[in-house]
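Data block for entry32.cif (mmCIF, C-alpha atoms and all ligand atoms):
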data_entry
loop_
_atom_site.label_atom_id
_atom_site.label_comp_id
_atom_site.auth_asym_id
_atom_site.auth_seq_id
_atom_site.Cartn_x
_atom_site.Cartn_y
_atom_site.Cartn_z
CA MET A 1 -27.25 73.67 97.41
CA GLU A 2 -26.09 75.25 100.68
CA VAL A 3 -22.38 74.54 100.22
CA ILE A 4 -21.04 75.24 103.70
CA GLU A 5 -24.05 73.50 105.25
CA SER A 6 -23.28 70.45 103.17
CA MET A 7 -19.54 70.64 104.04
CA ASN A 8 -20.52 70.75 107.67
CA LYS A 9 -22.81 67.74 107.37
CA TYR A 10 -20.04 65.57 105.89
CA SER A 11 -17.09 67.19 107.77
CA PHE A 12 -15.32 68.64 104.71
CA GLU A 13 -12.26 70.79 105.35
CA GLN A 14 -12.19 72.88 102.19
CA ILE A 15 -13.75 73.29 98.78
CA VAL A 16 -12.06 75.39 96.14
CA PHE A 17 -13.90 76.71 93.08
CA CYS A 18 -11.56 77.38 90.15
CA ASN A 19 -12.35 79.66 87.21
CA ASP A 20 -10.06 80.84 84.45
CA ASN A 21 -11.70 82.91 81.70
CA LYS A 22 -8.71 82.68 79.37
CA THR A 23 -8.67 78.89 79.11
CA GLY A 24 -12.32 78.18 79.96
CA LEU A 25 -11.39 76.25 83.10
CA LYS A 26 -14.26 75.62 85.47
CA GLY A 27 -13.23 73.27 88.23
CA ILE A 28 -13.85 72.28 91.82
CA ILE A 29 -11.33 70.77 94.24
CA ALA A 30 -12.79 69.14 97.34
CA ILE A 31 -10.51 68.40 100.27
CA HIS A 32 -12.43 66.16 102.61
CA ASN A 33 -9.97 65.18 105.32
CA THR A 34 -6.22 65.56 105.86
CA THR A 35 -5.84 63.65 109.13
CA LEU A 36 -3.53 61.07 107.57
CA GLY A 37 -1.70 63.44 105.23
CA PRO A 38 -2.28 65.67 102.20
CA ALA A 39 -5.54 65.01 100.40
CA MET A 40 -4.90 62.73 97.43
CA GLY A 41 -7.26 61.74 94.64
CA GLY A 42 -7.82 61.95 90.92
CA THR A 43 -9.33 64.75 88.89
CA ARG A 44 -12.37 63.78 86.83
CA ILE A 45 -13.14 65.65 83.62
CA ALA A 46 -16.76 65.35 82.57
CA PRO A 47 -19.45 67.45 80.86
CA TYR A 48 -21.55 67.81 84.01
CA LYS A 49 -25.03 69.17 83.33
CA SER A 50 -24.84 71.65 86.19
CA GLU A 51 -22.51 73.00 88.86
CA GLU A 52 -24.65 71.23 91.45
CA GLU A 53 -24.06 67.89 89.76
CA ALA A 54 -20.30 68.54 89.60
CA LEU A 55 -20.19 69.62 93.23
CA ALA A 56 -22.17 66.60 94.43
CA ASP A 57 -19.87 64.28 92.45
CA VAL A 58 -16.61 65.81 93.68
CA MET A 59 -17.80 65.76 97.30
CA ARG A 60 -18.85 62.13 97.16
CA LEU A 61 -15.68 61.05 95.35
CA SER A 62 -13.53 63.05 97.76
CA ARG A 63 -15.05 61.44 100.87
CA ALA A 64 -14.51 58.00 99.39
CA MET A 65 -10.81 58.87 98.92
CA THR A 66 -10.47 59.59 102.65
CA TYR A 67 -11.68 56.08 103.46
CA LYS A 68 -9.88 54.46 100.51
CA ASN A 69 -6.51 55.90 101.48
CA ALA A 70 -7.11 55.05 105.14
CA VAL A 71 -8.05 51.40 104.54
CA ALA A 72 -5.18 51.02 102.04
CA GLY A 73 -2.75 52.06 104.77
CA LEU A 74 -1.57 55.16 102.91
CA TYR A 75 -0.38 58.33 104.62
CA TYR A 76 -2.72 60.52 102.60
CA GLY A 77 -6.05 62.14 103.21
CA GLY A 78 -9.03 62.32 100.89
CA GLY A 79 -9.55 64.78 98.09
CA LYS A 80 -10.72 64.87 94.52
CA GLY A 81 -11.07 67.38 91.72
CA VAL A 82 -13.53 67.80 88.89
CA ILE A 83 -13.31 69.88 85.74
CA ILE A 84 -16.57 70.69 84.00
CA ALA A 85 -15.67 69.99 80.37
CA ASP A 86 -16.01 67.42 77.64
CA PRO A 87 -12.66 65.62 77.75
CA LYS A 88 -12.91 64.79 74.03
CA LYS A 89 -13.44 68.41 72.93
CA ASP A 90 -12.66 71.00 75.58
CA LYS A 91 -9.31 69.95 77.03
CA SER A 92 -6.13 71.86 76.24
CA GLU A 93 -2.72 72.02 77.80
CA ALA A 94 -3.38 75.64 78.76
CA LEU A 95 -6.55 74.62 80.61
CA MET A 96 -4.77 71.83 82.49
CA ARG A 97 -1.95 74.20 83.40
CA ALA A 98 -4.42 76.77 84.68
CA TYR A 99 -5.86 74.01 86.83
CA GLY A 100 -2.32 73.11 87.93
CA ARG A 101 -1.80 76.66 89.18
CA PHE A 102 -4.86 76.36 91.40
CA ILE A 103 -3.48 73.09 92.80
CA ASN A 104 -0.15 74.80 93.40
CA SER A 105 -1.84 77.63 95.30
CA LEU A 106 -2.99 75.03 97.85
CA GLY A 107 0.65 74.42 98.82
CA GLY A 108 0.39 70.62 98.90
CA ARG A 109 -2.96 70.24 100.65
CA TYR A 110 -4.25 68.47 97.51
CA ILE A 111 -2.24 66.09 95.31
CA ALA A 112 -3.99 65.37 92.02
CA GLY A 113 -3.99 62.16 90.00
CA GLU A 114 -5.89 60.67 87.08
CA ASP A 115 -9.55 59.84 86.98
CA VAL A 116 -12.17 59.25 84.31
CA GLY A 117 -11.61 61.79 81.51
CA SER A 118 -8.04 62.72 82.50
CA THR A 119 -4.82 61.16 81.22
CA GLU A 120 -1.11 60.84 81.98
CA GLU A 121 -0.51 63.69 79.52
CA ASP A 122 -2.93 65.89 81.49
CA MET A 123 -0.96 65.10 84.67
CA LEU A 124 2.19 66.12 82.83
CA ALA A 125 0.60 69.47 81.92
CA ILE A 126 -0.34 70.00 85.58
CA ARG A 127 3.23 69.05 86.57
CA ARG A 128 4.53 72.02 84.60
CA GLU A 129 2.85 74.25 87.18
CA THR A 130 3.06 72.26 90.40
CA PRO A 131 4.86 69.32 92.01
CA PHE A 132 1.61 68.26 93.67
CA VAL A 133 0.51 65.74 91.06
CA ILE A 134 0.99 62.00 90.46
CA GLY A 135 0.10 59.61 87.65
CA LEU A 136 2.81 60.89 85.29
CA PRO A 137 3.97 58.94 82.24
CA LYS A 138 6.65 56.30 82.90
CA VAL A 139 9.23 58.16 80.78
CA TYR A 140 8.93 61.06 83.23
CA GLY A 141 9.55 58.79 86.21
CA GLY A 142 5.86 58.27 86.86
CA SER A 143 3.86 55.09 87.22
CA GLY A 144 2.05 55.42 83.88
CA ASN A 145 -1.45 54.06 83.48
CA VAL A 146 -2.52 52.86 86.94
CA SER A 147 -5.55 50.95 85.66
CA GLU A 148 -3.48 47.80 85.41
CA PRO A 149 -2.70 47.59 89.18
CA THR A 150 -6.29 48.66 89.88
CA ALA A 151 -7.52 45.69 87.83
CA TYR A 152 -5.02 43.43 89.60
CA GLY A 153 -6.46 44.54 92.97
CA ILE A 154 -10.03 43.98 91.76
CA TRP A 155 -9.07 40.48 90.65
CA LYS A 156 -7.54 39.74 94.06
CA GLY A 157 -10.59 41.19 95.83
CA ILE A 158 -12.95 39.04 93.75
CA LYS A 159 -10.89 35.98 94.69
CA ALA A 160 -11.11 36.91 98.38
CA SER A 161 -14.88 37.31 98.15
CA SER A 162 -15.15 34.01 96.27
CA ALA A 163 -13.23 32.31 99.10
CA HIS A 164 -15.67 33.87 101.59
CA VAL A 165 -18.84 32.94 99.71
CA PHE A 166 -17.92 29.66 97.99
CA GLY A 167 -15.07 28.48 100.23
CA ASP A 168 -12.62 28.61 97.31
CA PRO A 169 -10.68 31.58 95.87
CA SER A 170 -10.36 29.94 92.46
CA LEU A 171 -12.41 31.61 89.74
CA LYS A 172 -12.13 28.69 87.33
CA GLY A 173 -15.54 28.17 85.80
CA LYS A 174 -17.08 31.07 87.76
CA ARG A 175 -19.49 33.26 85.80
CA ILE A 176 -18.47 36.93 86.02
CA ALA A 177 -20.32 39.87 84.42
CA ILE A 178 -18.35 43.08 83.88
CA GLN A 179 -20.15 46.35 83.16
CA GLY A 180 -17.70 48.71 81.43
CA VAL A 181 -14.62 47.47 79.58
CA GLY A 182 -12.53 50.64 79.61
CA ASN A 183 -9.06 50.72 81.14
CA VAL A 184 -9.83 48.70 84.29
CA GLY A 185 -12.61 46.45 82.97
CA SER A 186 -10.60 45.30 79.95
CA SER A 187 -7.52 44.60 82.05
CA LEU A 188 -9.63 42.67 84.57
CA CYS A 189 -10.88 40.46 81.71
CA HIS A 190 -7.32 39.36 81.02
CA TYR A 191 -6.75 38.26 84.63
CA LEU A 192 -10.08 36.42 84.68
CA LYS A 193 -9.36 34.73 81.36
CA GLN A 194 -6.04 33.42 82.72
CA GLU A 195 -7.96 31.80 85.55
CA GLY A 196 -10.56 30.19 83.32
CA ALA A 197 -13.59 32.22 84.39
CA GLU A 198 -16.61 32.53 82.09
CA ILE A 199 -16.75 36.27 81.34
CA PHE A 200 -19.66 38.42 80.17
CA ILE A 201 -19.09 42.05 79.18
CA SER A 202 -21.01 45.17 78.22
CA ASP A 203 -20.20 48.82 77.54
CA VAL A 204 -21.93 51.81 75.99
CA ASP A 205 -19.05 51.72 73.50
CA GLU A 206 -19.68 48.73 71.21
CA ASN A 207 -16.20 48.95 69.69
CA LYS A 208 -14.59 48.31 73.06
CA VAL A 209 -16.87 45.32 73.64
CA GLY A 210 -15.91 43.87 70.25
CA MET A 211 -12.21 44.36 70.88
CA VAL A 212 -12.18 42.89 74.39
CA ALA A 213 -14.41 39.98 73.32
CA ALA A 214 -11.99 39.17 70.48
CA GLN A 215 -8.97 39.32 72.82
CA THR A 216 -10.37 37.38 75.77
CA GLY A 217 -13.26 35.27 74.54
CA ALA A 218 -15.63 37.22 76.81
CA LYS A 219 -19.29 37.07 75.74
CA PRO A 220 -20.88 40.41 74.75
CA VAL A 221 -24.16 41.26 76.49
CA VAL A 222 -26.61 44.12 75.92
CA ASN A 223 -25.63 46.84 78.41
CA GLU A 224 -29.13 47.16 79.91
CA GLU A 225 -29.12 43.40 80.64
CA ILE A 226 -25.67 42.88 82.15
CA HIS A 227 -26.70 43.39 85.79
CA ARG A 228 -29.64 40.97 85.39
CA LEU A 229 -27.50 37.99 84.30
CA GLU A 230 -27.44 34.91 86.46
CA VAL A 231 -23.79 34.95 87.50
CA ASP A 232 -21.53 34.43 90.50
CA VAL A 233 -20.07 37.93 90.40
CA PHE A 234 -21.37 41.21 89.01
CA SER A 235 -18.46 43.63 88.55
CA PRO A 236 -19.39 47.28 87.93
CA CYS A 237 -16.40 48.85 86.16
CA ALA A 238 -18.06 51.82 84.44
CA LEU A 239 -19.47 54.81 86.32
CA GLY A 240 -21.08 55.08 89.76
CA GLY A 241 -24.73 55.25 90.81
CA ILE A 242 -25.83 52.06 89.04
CA LEU A 243 -27.16 50.15 92.05
CA HIS A 244 -30.39 51.50 93.52
CA ASP A 245 -34.01 50.68 94.38
CA GLN A 246 -34.80 49.58 90.82
CA THR A 247 -31.63 47.64 89.88
CA ILE A 248 -30.83 45.84 93.15
CA PRO A 249 -33.98 43.64 93.03
CA GLN A 250 -32.99 42.67 89.46
CA LEU A 251 -29.55 41.31 90.40
CA LYS A 252 -29.03 37.54 90.15
CA CYS A 253 -25.51 37.31 91.50
CA ARG A 254 -23.90 36.24 94.79
CA ILE A 255 -21.22 38.95 94.85
CA VAL A 256 -20.93 42.58 93.70
CA ALA A 257 -17.27 43.55 93.35
CA GLY A 258 -15.89 46.05 90.86
CA ALA A 259 -13.83 49.17 90.21
CA ALA A 260 -16.54 51.82 89.85
CA ASN A 261 -16.41 54.48 92.56
CA ASN A 262 -19.70 54.95 94.44
CA PRO A 263 -21.72 52.22 92.67
CA LEU A 264 -24.48 52.51 95.29
CA VAL A 265 -26.75 55.54 95.11
CA HIS A 266 -27.21 55.54 98.90
CA GLU A 267 -24.28 53.83 100.61
CA GLU A 268 -25.88 52.50 103.79
CA GLU A 269 -29.42 51.96 102.57
CA HIS A 270 -28.39 50.10 99.43
CA ALA A 271 -25.65 48.12 101.18
CA GLN A 272 -28.41 46.92 103.53
CA MET A 273 -30.68 46.12 100.61
CA LEU A 274 -27.95 43.97 99.04
CA ALA A 275 -27.26 42.23 102.35
CA ASP A 276 -30.99 41.53 102.78
CA ARG A 277 -30.94 39.80 99.40
CA GLY A 278 -27.96 37.70 100.50
CA ILE A 279 -25.63 39.43 98.04
CA VAL A 280 -22.11 40.11 99.29
CA TYR A 281 -21.15 43.68 98.45
CA VAL A 282 -17.41 44.36 98.32
CA VAL A 283 -17.11 48.04 99.16
CA ASP A 284 -15.68 50.07 96.28
CA TYR A 285 -13.00 51.92 98.21
CA VAL A 286 -11.63 48.71 99.75
CA ILE A 287 -11.26 46.81 96.47
CA ASN A 288 -10.35 49.59 94.02
CA ALA A 289 -7.37 51.14 95.84
CA GLY A 290 -4.76 49.63 93.50
CA GLY A 291 -4.58 52.79 91.38
CA VAL A 292 -3.88 55.20 94.19
CA MET A 293 -1.50 52.71 95.84
CA CYS A 294 0.43 52.63 92.59
CA ALA A 295 0.38 56.34 91.72
CA SER A 296 1.28 57.47 95.25
CA ASN A 297 4.38 55.28 95.00
CA GLU A 298 5.77 57.94 92.68
CA LEU A 299 6.34 60.18 95.68
CA ILE A 300 8.80 57.71 97.20
CA GLY A 301 10.24 56.48 93.88
CA TYR A 302 8.04 54.31 91.68
CA ASN A 303 8.85 50.64 92.02
CA PRO A 304 6.49 48.20 90.27
CA LYS A 305 7.56 45.23 92.41
CA ARG A 306 6.68 47.14 95.58
CA VAL A 307 3.39 48.30 94.01
CA TYR A 308 2.20 44.77 93.22
CA PHE A 309 3.41 43.52 96.60
CA GLU A 310 1.26 46.20 98.27
CA VAL A 311 -1.74 45.78 95.97
CA ASP A 312 -1.73 42.03 96.72
CA ASN A 313 -2.82 42.99 100.22
CA ILE A 314 -6.25 43.96 98.87
CA TYR A 315 -7.03 40.23 99.16
CA ASN A 316 -6.48 40.47 102.94
CA LYS A 317 -8.35 43.79 103.28
CA VAL A 318 -11.42 42.36 101.53
CA THR A 319 -11.23 39.20 103.65
CA GLU A 320 -11.01 41.31 106.82
CA MET A 321 -13.98 43.48 105.78
CA LEU A 322 -16.14 40.43 105.04
CA LYS A 323 -15.17 38.83 108.34
CA ILE A 324 -16.01 41.98 110.35
CA ALA A 325 -19.38 42.20 108.58
CA ARG A 326 -20.18 38.56 109.36
CA ASP A 327 -18.88 38.55 112.95
CA LYS A 328 -20.52 41.82 113.93
CA ASN A 329 -23.62 41.27 111.81
CA VAL A 330 -23.29 44.62 110.04
CA THR A 331 -23.28 45.59 106.38
CA THR A 332 -19.97 45.54 104.53
CA ALA A 333 -20.34 49.33 104.20
CA LYS A 334 -20.27 49.62 108.00
CA ALA A 335 -17.44 47.10 108.28
CA ALA A 336 -15.30 49.08 105.82
CA MET A 337 -16.00 52.29 107.72
CA MET A 338 -14.89 50.57 110.94
CA MET A 339 -11.60 49.65 109.26
CA ALA A 340 -11.08 53.26 108.14
CA ASN A 341 -11.97 54.69 111.54
CA ARG A 342 -9.58 52.32 113.28
CA ARG A 343 -6.85 53.75 111.08
CA PHE A 344 -7.70 57.30 112.18
CA GLN A 345 -7.52 56.22 115.81
CA ASP A 346 -4.21 54.40 115.27
CA GLU A 347 -2.71 57.45 113.59
CA ASN A 348 -3.82 59.95 116.21
CA ASN A 349 -0.50 59.89 118.03
CA ILE A 350 1.75 59.74 115.01
CA PRO A 351 3.22 63.06 113.85
CA ARG A 352 1.84 64.11 110.47
CA LEU A 353 3.90 63.86 107.32
CA ALA A 354 1.28 66.04 105.75
CA TYR A 355 2.92 69.21 104.59
CA SER A 356 6.56 68.23 104.55
CA PHE A 357 6.23 66.83 101.03
CA LYS A 358 8.10 69.16 98.67
CA PRO A 359 9.38 67.43 95.53
CA PRO A 360 11.58 69.48 93.21
CA MET A 361 9.95 71.42 90.40
CA PHE A 362 9.79 69.76 87.05
CA SER A 363 12.65 70.74 84.76
CA SER A 364 11.91 69.18 81.36
CA PRO A 365 11.06 71.80 78.71
CA GLY A 366 8.18 69.62 77.40
CA PRO A 367 5.68 70.59 74.73
CA ARG A 368 4.84 74.24 74.06
CA ILE A 369 1.53 75.59 75.24
CA ASN A 370 -0.70 77.62 72.95
CA SER A 371 -0.12 81.33 72.28
CA GLU A 372 -2.89 82.51 74.63
CA GLU A 373 -0.66 81.79 77.64
N1 LIG A 401 -8.50 53.66 86.44
C1 LIG A 401 -8.26 53.42 87.72
O1 LIG A 401 -7.13 53.10 88.11
C2 LIG A 401 -9.36 53.51 88.73
C3 LIG A 401 -10.67 53.60 88.32
N2 LIG A 401 -11.68 53.63 89.25
C4 LIG A 401 -13.05 53.71 88.81
O2 LIG A 401 -13.32 52.58 87.99
C5 LIG A 401 -14.23 52.93 86.94
C6 LIG A 401 -13.61 52.60 85.60
O3 LIG A 401 -12.40 53.32 85.45
P1 LIG A 401 -11.59 53.29 84.07
O4 LIG A 401 -11.63 51.93 83.50
O5 LIG A 401 -10.30 53.93 84.33
O6 LIG A 401 -12.47 54.25 83.20
P2 LIG A 401 -12.63 54.24 81.60
O7 LIG A 401 -13.21 55.56 81.24
O8 LIG A 401 -11.38 53.80 80.93
O9 LIG A 401 -13.71 53.09 81.37
C7 LIG A 401 -15.04 53.21 81.72
C8 LIG A 401 -15.82 52.44 80.66
O10 LIG A 401 -17.19 52.46 81.03
C9 LIG A 401 -17.96 52.71 79.87
N3 LIG A 401 -19.22 53.27 80.30
C10 LIG A 401 -19.52 54.53 80.65
N4 LIG A 401 -20.80 54.62 81.04
C11 LIG A 401 -21.31 53.38 80.94
C12 LIG A 401 -22.58 52.83 81.21
N5 LIG A 401 -23.59 53.56 81.65
N6 LIG A 401 -22.75 51.50 81.00
C13 LIG A 401 -21.73 50.73 80.56
N7 LIG A 401 -20.51 51.20 80.28
C14 LIG A 401 -20.31 52.51 80.47
C15 LIG A 401 -17.11 53.62 79.02
O11 LIG A 401 -17.48 53.57 77.66
C16 LIG A 401 -15.73 53.05 79.27
O12 LIG A 401 -15.39 52.05 78.34
C17 LIG A 401 -14.54 54.41 87.15
O13 LIG A 401 -15.70 54.52 87.91
C18 LIG A 401 -13.35 54.92 87.96
O14 LIG A 401 -13.68 56.02 88.77
C19 LIG A 401 -11.42 53.56 90.59
C20 LIG A 401 -10.14 53.48 91.04
C21 LIG A 401 -9.01 53.50 90.16
O1 LIG A 402 -4.86 57.01 90.76
C1 LIG A 402 -4.84 58.15 91.21
O2 LIG A 402 -3.87 58.87 91.10
C2 LIG A 402 -6.06 58.67 91.91
C3 LIG A 402 -6.88 57.61 92.54
C4 LIG A 402 -8.32 57.91 92.55
O3 LIG A 402 -8.76 59.01 92.34
C5 LIG A 402 -9.24 56.82 92.83
O4 LIG A 402 -8.79 55.76 93.30
O5 LIG A 402 -10.45 56.99 92.62
#
This structure in C-alpha cells:
Amino acid sequence: MEVIESMNKYSFEQIVFCNDNKTGLKGIIAIHNTTLGPAMGGTRIAPYKSEEEALADVMRLSRAMTYKNAVAGLYYGGGKGVIIADPKKDKSEALMRAYGRFINSLGGRYIAGEDVGSTEEDMLAIRRETPFVIGLPKVYGGSGNVSEPTAYGIWKGIKASSAHVFGDPSLKGKRIAIQGVGNVGSSLCHYLKQEGAEIFISDVDENKVGMVAAQTGAKPVVNEEIHRLEVDVFSPCALGGILHDQTIPQLKCRIVAGAANNPLVHEEEHAQMLADRGIVYVVDYVINAGGVMCASNELIGYNPKRVYFEVDNIYNKVTEMLKIARDKNVTTAKAAMMMANRRFQDENNIPRLAYSFKPPMFSSPGPRINSEE
C-alpha cells in the first residue's frame, strides 16, 4: 500500500507507526482530521493478519470518527489507534504504557479511548504515561464502561428509525435481530426487552448467547442465519464489513441500525444497494456516538445525567438524517455526510479549542509494571 498516496486520497493529516522492541508493541495511530479539535477515538487491539490489514482498519475507523464527532456536536476531530496483538494473550501493562508514551509524544493531537480488545484498565495504564486518554474506570474519575450509553443511543436511534418507517417509535412487538451480544449488544437487549420487542440474537461466542438469552428471553439464532431473518430491524453489533454484495440481497428487514463501526464494505455503493432494496440504513457513526459522547465528558468532569441528556439527542440526529435523505432523495450515507460537512462549515469561524487541553498528570501510584521497564 502506498501510504502517503492513500493519506492524500482520504485527506489524512498524520499516521504514526509505533514500535517498541522491549514490550512487543506494534501499533498505528491515524489522525484523520483535527478541524474541530484534537483527534479522538478508541484504540483497537486485534491480531491483524498483516500490517496492511491493520493500516486499512485504522484509517477507515479514524475517518469515521471525524464524522461521528462532527455529527455528535463534539469539539473533537477524528482519530483512532490499533495495536497488532491478541488482546487475550499479548497485552501487558508495559506494552500499554509504551503505547501511552507514543500518544504523549503527539502532545494532545490524539486522545485515545477504548475500542474492541481494549479495556478501562488498559486506559489506566496509558494514563500513567499521558493525560491524553479517556475511558478510565469510574473509581479514577472516569466514565467506566461506555457501552451502556452506546447501547442507549442505539436504542433511541432504532426508535427514531421505527417512527420514520412505521410511523410509530414504539418497539413493542417489533422483531429485532442483533448480531453480536458483547458489551453493546447485550445491553441493547435489555432496553429492547423493557419495551416488549421480540429479540433474536447470535454471536460467535455461544456462552454469551446463552447468558443473554437467559437474562432477556431473546431467541438464539445460528450466527450465519441472523441477517437472513424476517424482522423489522437488523442490528449489527459485532464487527464491521458484514454487509456487502452477497449479504445485502439476503436481508429481509426494513431497517439496518446497530453499533458496529463500518458495517458496509463500501460505504456509498452498499448504502445505495440497501436504499434500492427499500431498506433504511441508519449510518453507523450517527447512531453509535453514545460511547464517545460519554467518554469525552471526562474531560469536562464526568456527569452521567449530562451524558444521557446528550445521548438522547441521537434520536433527533437519526430523524434529521432520515429526513434529509428522503427530502433530497439521497442515500442516508450522503445525508449523514452532509450533516458532518455542515458542522465543519459552521465551525470555520470559531477559534479552535484544539491544543489548549492540558489536564494534570495522573498522580495515583497504581499497580507496578513488570521488571523489564
Ligand atoms: N463499546 C462501545 O461503546 C462502542 C462500540 N462500537 C462498535 O460496536 C461493536 C460492538 O462493540 P462492543 O460490544 O463494545 O464489542 P464486544 O467485543 O464487547 O462485542 C462484540 C461481540 O461480537 C462478537 N463477534 C465477533 N465477531 C463476530 C461475528 N463474526 N459474528 C457474530 N458475533 C461476532 C464477539 O464474540 C462479541 O461478543 C464494535 O464494532 C465496536 O467498534 C461503536 C461505538 C462505541
Ligand atoms: O469511547 C471512546 O472513548 C472511543 C469511541 C470510539 O472509538 C468509537 O465510537 O468508535
Skip Leu229 (chain A) itself and residues of its chain fewer than 5 positions away, then list as a PDB file with C-alpha atoms, keeping the file's coordinate frame all residues within 12 Å of it, counting all atoms listed in the file.
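Output (selection-v4.pdb):
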ATOM      1  CA  ARG A 175     -19.490  33.260  85.800  1.00  0.00           C
ATOM      2  CA  ILE A 176     -18.470  36.930  86.020  1.00  0.00           C
ATOM      3  CA  ALA A 177     -20.320  39.870  84.420  1.00  0.00           C
ATOM      4  CA  ILE A 178     -18.350  43.080  83.880  1.00  0.00           C
ATOM      5  CA  GLN A 179     -20.150  46.350  83.160  1.00  0.00           C
ATOM      6  CA  ILE A 199     -16.750  36.270  81.340  1.00  0.00           C
ATOM      7  CA  PHE A 200     -19.660  38.420  80.170  1.00  0.00           C
ATOM      8  CA  ILE A 201     -19.090  42.050  79.180  1.00  0.00           C
ATOM      9  CA  SER A 202     -21.010  45.170  78.220  1.00  0.00           C
ATOM     10  CA  LYS A 219     -19.290  37.070  75.740  1.00  0.00           C
ATOM     11  CA  PRO A 220     -20.880  40.410  74.750  1.00  0.00           C
ATOM     12  CA  VAL A 221     -24.160  41.260  76.490  1.00  0.00           C
ATOM     13  CA  VAL A 222     -26.610  44.120  75.920  1.00  0.00           C
ATOM     14  CA  ASN A 223     -25.630  46.840  78.410  1.00  0.00           C
ATOM     15  CA  GLU A 224     -29.130  47.160  79.910  1.00  0.00           C
ATOM     16  CA  PHE A 234     -21.370  41.210  89.010  1.00  0.00           C
ATOM     17  CA  SER A 235     -18.460  43.630  88.550  1.00  0.00           C
ATOM     18  CA  THR A 247     -31.630  47.640  89.880  1.00  0.00           C
ATOM     19  CA  GLN A 250     -32.990  42.670  89.460  1.00  0.00           C
ATOM     20  CA  LEU A 251     -29.550  41.310  90.400  1.00  0.00           C
ATOM     21  CA  LYS A 252     -29.030  37.540  90.150  1.00  0.00           C
ATOM     22  CA  CYS A 253     -25.510  37.310  91.500  1.00  0.00           C
ATOM     23  CA  ARG A 254     -23.900  36.240  94.790  1.00  0.00           C
TER      24      ARG A 254
END
Inset, instruction - Extract, using all atoms listed in the file, all DNA, RNA and protein residues at most 8 Å from region 310-319 of chain A, discarding same-chain residues fewer than 2 positions from it, and format them as a PyMOL selection string. - result: chain A and resi 71-72+149+152-153+156-157+159-161+164+282+286-287+289-290+293-294+306-308+321-323
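Neighbouring residues of Arg97 (chain A) at 9 Å or closer, counting all atoms listed in the file and skipping chain neighbours under 2 positions away, are Ser92, Glu93, Ala94, Leu95, Tyr99, Gly100, Arg101, Phe102, Asp122, Ala125, Ile126, Arg127, Arg128, Glu129, Thr130 and Ile369 of chain A.
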Taking all atoms of region 101-120 of chain A that the file lists and extending 5 Å past them on each side, where is the centre of the axis-aligned box and how long are its edges? Answer in Å to one decimal, as JSON.
{"center_x": -5.8, "center_y": 68.4, "center_z": 90.9, "size_x": 22.8, "size_y": 28.4, "size_z": 29.4}
What do you get as a JSON list (two decimals) with C-alpha atoms, in the frame of the given file if you pick all residues at most 7 Å from ligand LIG 402 (chain A), counting all atoms listed in the file?
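Now in selection_5.json:
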[["chain", "number", "residue", "atom", "x", "y", "z"],
["A", 40, "MET", "CA", -4.90, 62.73, 97.43],
["A", 41, "GLY", "CA", -7.26, 61.74, 94.64],
["A", 42, "GLY", "CA", -7.82, 61.95, 90.92],
["A", 43, "THR", "CA", -9.33, 64.75, 88.89],
["A", 65, "MET", "CA", -10.81, 58.87, 98.92],
["A", 80, "LYS", "CA", -10.72, 64.87, 94.52],
["A", 112, "ALA", "CA", -3.99, 65.37, 92.02],
["A", 113, "GLY", "CA", -3.99, 62.16, 90.00],
["A", 114, "GLU", "CA", -5.89, 60.67, 87.08],
["A", 115, "ASP", "CA", -9.55, 59.84, 86.98],
["A", 134, "ILE", "CA", 0.99, 62.00, 90.46],
["A", 135, "GLY", "CA", 0.10, 59.61, 87.65],
["A", 146, "VAL", "CA", -2.52, 52.86, 86.94],
["A", 261, "ASN", "CA", -16.41, 54.48, 92.56],
["A", 288, "ASN", "CA", -10.35, 49.59, 94.02],
["A", 289, "ALA", "CA", -7.37, 51.14, 95.84],
["A", 291, "GLY", "CA", -4.58, 52.79, 91.38],
["A", 292, "VAL", "CA", -3.88, 55.20, 94.19],
["A", 295, "ALA", "CA", 0.38, 56.34, 91.72],
["A", 296, "SER", "CA", 1.28, 57.47, 95.25]]
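Using only C-alpha atoms and all ligand atoms for every distance, the candidate list A:Lys26, A:His227, A:Lys172, A:Lys328 yields A:His227 as the residue closest to ligand LIG 401 (chain A).
Of the listed residues A:Ala54, A:Ala30, A:Phe166, A:Ile45, the one whose atoms come nearest to Met1 (chain A) is A:Ala54, with distances taken using only C-alpha atoms.
Taking CA of Asp327 (chain A) and CA of Val231 (chain A) as the two end points, the separation is 26.2 Å.
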Legend entry - For ligand LIG 401 (chain A), the nearest of the candidates A:Ala214, A:Ala70, A:Val165, A:Ala260, counting all atoms listed in the file: A:Ala260
Legend entry - Pairwise distance for CA of Val256 (chain A) and CA of Ala238 (chain A), rounded to one decimal in Å: 13.4 Å
Legend entry - Ser186 (chain A) surroundings by all atoms listed in the file, 10 Å radius, close-in-sequence under 6 positions cut, as a ChimeraX atom specification: /A:147-148,151,178,180,201,208-209,211-213,215-216,237
Inset, instruction - May I ask for the distance between CA of Val82 (chain A) and CA of Asn262 (chain A), given in Å to one decimal place? - result: 15.3 Å
